[in-house]
Amino acid sequence: MRSSSARVVLAFAGAALLAGCGASSGRGTLTGGIRFVGRIPQGYTSTGYQRGLVQIVRGGKVVASAHLAQGQGYRSALSPGRYKIQTPGNTPPGSTYPPCTQGVKISAGRTVNTNVYCSFH
């Protein structure tokens, strides 16, 4: 099920990309959201994108991050290469689960839809 809700544009080193713009020359586009699998924490729904902090990491450094509201996804133009999408843990606030991560490869001129899945037991 794909969410029809608004997307959040992730910021890069102090500059924000404009929502709705295609990938810049030489860049690829990453879209997706936070999804929960298994037990759903109280205050969350079992469908759609979940709220929380999402970070895009390359070479061990956070290159973009955003706090997503319930139902929001992310969209970001990135240079080609391998990245890690992560929630750094404690999403929802007050929980103590380990960080959730998902690897992704970005290619120039292509859009990749990759969600980060968090599993609760």
# chains A, B, ... in the order shown; residues from 1 in each chain; ligands from 1
>>> select_by_dssp(residues="segment 35-96 of chain A", states="strand (DSSP E or B)", output="ChimeraX atom specification")
/A:35-38,50,52-58,61-68,73-78,81-87
>>> atom_distance(atom1="atom CA of Lys61 of chain A", atom2="atom CA of Gly48 of chain A")
28.2 Å
>>> closest_residue(among="A:Ser79, A:Asn113, A:Thr101, A:Thr87", to="Gly52 of chain A", atoms="only C-alpha atoms")
A:Thr87
>>> residues_around(residues="Ala69 of chain A", least_positions_apart="6", cutoff="9 Å", atoms="only C-alpha atoms", output="list in words")
Val8, Tyr49, Gln50, Arg51 and Gly52 of chain A
>>> write_last_selection(atoms="N, CA and C atoms", output="PDB file, in the first residue's frame")
ATOM      1  N   VAL A   8       8.285  14.727   2.727  1.00  0.00           N
ATOM      2  CA  VAL A   8       9.172  15.709   3.336  1.00  0.00           C
ATOM      3  C   VAL A   8      10.461  15.711   2.543  1.00  0.00           C
ATOM      4  N   TYR A  49       2.828   5.238   6.373  1.00  0.00           N
ATOM      5  CA  TYR A  49       4.138   5.618   6.894  1.00  0.00           C
ATOM      6  C   TYR A  49       4.008   6.069   8.341  1.00  0.00           C
ATOM      7  N   GLN A  50       5.043   5.775   9.134  1.00  0.00           N
ATOM      8  CA  GLN A  50       5.063   6.098  10.553  1.00  0.00           C
ATOM      9  C   GLN A  50       5.853   7.379  10.799  1.00  0.00           C
ATOM     10  N   ARG A  51       5.593   8.008  11.927  1.00  0.00           N
ATOM     11  CA  ARG A  51       6.329   9.224  12.285  1.00  0.00           C
ATOM     12  C   ARG A  51       7.662   8.842  12.913  1.00  0.00           C
ATOM     13  N   GLY A  52       8.617   9.763  12.845  1.00  0.00           N
ATOM     14  CA  GLY A  52       9.905   9.545  13.474  1.00  0.00           C
ATOM     15  C   GLY A  52      11.024  10.244  12.728  1.00  0.00           C
TER      16      GLY A  52
END
>>> closest_residue(among="A:Leu53, A:Leu30, A:Ala66, A:Ile85", to="Gly109 of chain A", atoms="only C-alpha atoms")
A:Leu30
>>> residues_around(residues="Val116 of chain A", least_positions_apart="2", cutoff="9 Å", atoms="only C-alpha atoms", output="ChimeraX atom specification")
/A:32-36,54,85-87,100-103,114,118
>>> write_last_selection(atoms="N, CA and C atoms", output="PDB file, in the first residue's frame")
ATOM      1  N   GLY A  32      10.562   7.135  -0.015  1.00  0.00           N
ATOM      2  CA  GLY A  32      10.152   6.066   0.885  1.00  0.00           C
ATOM      3  C   GLY A  32       9.622   6.614   2.182  1.00  0.00           C
ATOM      4  N   GLY A  33       9.579   5.760   3.190  1.00  0.00           N
ATOM      5  CA  GLY A  33       9.090   6.159   4.499  1.00  0.00           C
ATOM      6  C   GLY A  33       9.450   5.130   5.548  1.00  0.00           C
ATOM      7  N   ILE A  34       9.049   5.396   6.775  1.00  0.00           N
ATOM      8  CA  ILE A  34       9.267   4.474   7.894  1.00  0.00           C
ATOM      9  C   ILE A  34       8.055   3.554   7.976  1.00  0.00           C
ATOM     10  N   ARG A  35       8.290   2.261   8.017  1.00  0.00           N
ATOM     11  CA  ARG A  35       7.231   1.252   8.145  1.00  0.00           C
ATOM     12  C   ARG A  35       7.525   0.401   9.371  1.00  0.00           C
ATOM     13  N   PHE A  36       6.471  -0.030  10.042  1.00  0.00           N
ATOM     14  CA  PHE A  36       6.609  -0.941  11.183  1.00  0.00           C
ATOM     15  C   PHE A  36       6.148  -2.329  10.769  1.00  0.00           C
ATOM     16  N   VAL A  54      14.263  10.224  10.498  1.00  0.00           N
ATOM     17  CA  VAL A  54      14.923   9.401   9.497  1.00  0.00           C
ATOM     18  C   VAL A  54      16.207  10.110   9.085  1.00  0.00           C
ATOM     19  N   ILE A  85      19.735   4.133   5.044  1.00  0.00           N
ATOM     20  CA  ILE A  85      18.606   4.875   5.591  1.00  0.00           C
ATOM     21  C   ILE A  85      18.416   4.333   7.000  1.00  0.00           C
ATOM     22  N   GLN A  86      18.285   5.213   7.979  1.00  0.00           N
ATOM     23  CA  GLN A  86      18.154   4.721   9.351  1.00  0.00           C
ATOM     24  C   GLN A  86      17.218   5.589  10.177  1.00  0.00           C
ATOM     25  N   THR A  87      16.618   4.938  11.160  1.00  0.00           N
ATOM     26  CA  THR A  87      15.994   5.649  12.268  1.00  0.00           C
ATOM     27  C   THR A  87      16.930   5.351  13.431  1.00  0.00           C
ATOM     28  N   CYS A 100      16.820   1.124  13.319  1.00  0.00           N
ATOM     29  CA  CYS A 100      16.374   0.389  12.139  1.00  0.00           C
ATOM     30  C   CYS A 100      17.171   0.907  10.949  1.00  0.00           C
ATOM     31  N   THR A 101      17.659   0.007  10.111  1.00  0.00           N
ATOM     32  CA  THR A 101      18.472   0.437   8.973  1.00  0.00           C
ATOM     33  C   THR A 101      18.074  -0.315   7.705  1.00  0.00           C
ATOM     34  N   GLN A 102      18.336   0.329   6.570  1.00  0.00           N
ATOM     35  CA  GLN A 102      18.108  -0.277   5.264  1.00  0.00           C
ATOM     36  C   GLN A 102      19.133   0.299   4.303  1.00  0.00           C
ATOM     37  N   GLY A 103      19.840  -0.566   3.595  1.00  0.00           N
ATOM     38  CA  GLY A 103      20.798  -0.111   2.602  1.00  0.00           C
ATOM     39  C   GLY A 103      20.117   0.186   1.275  1.00  0.00           C
ATOM     40  N   THR A 114      12.619   3.114  -1.446  1.00  0.00           N
ATOM     41  CA  THR A 114      13.106   2.198  -0.419  1.00  0.00           C
ATOM     42  C   THR A 114      12.615   2.670   0.948  1.00  0.00           C
ATOM     43  N   CYS A 118      11.012  -1.110  10.649  1.00  0.00           N
ATOM     44  CA  CYS A 118      11.329  -1.274  12.058  1.00  0.00           C
ATOM     45  C   CYS A 118      10.495  -2.421  12.610  1.00  0.00           C
TER      46      CYS A 118
END
>>> atom_distance(atom1="atom CA of Lys105 of chain A", atom2="atom CA of Pro88 of chain A")
19.9 Å
>>> closest_residue(among="A:Ser107, A:Asn115, A:Gly43, A:Lys84", to="Val63 of chain A", atoms="only C-alpha atoms")
A:Lys84
>>> atom_distance(atom1="atom CA of Thr111 of chain A", atom2="atom CA of Thr31 of chain A")
7.3 Å
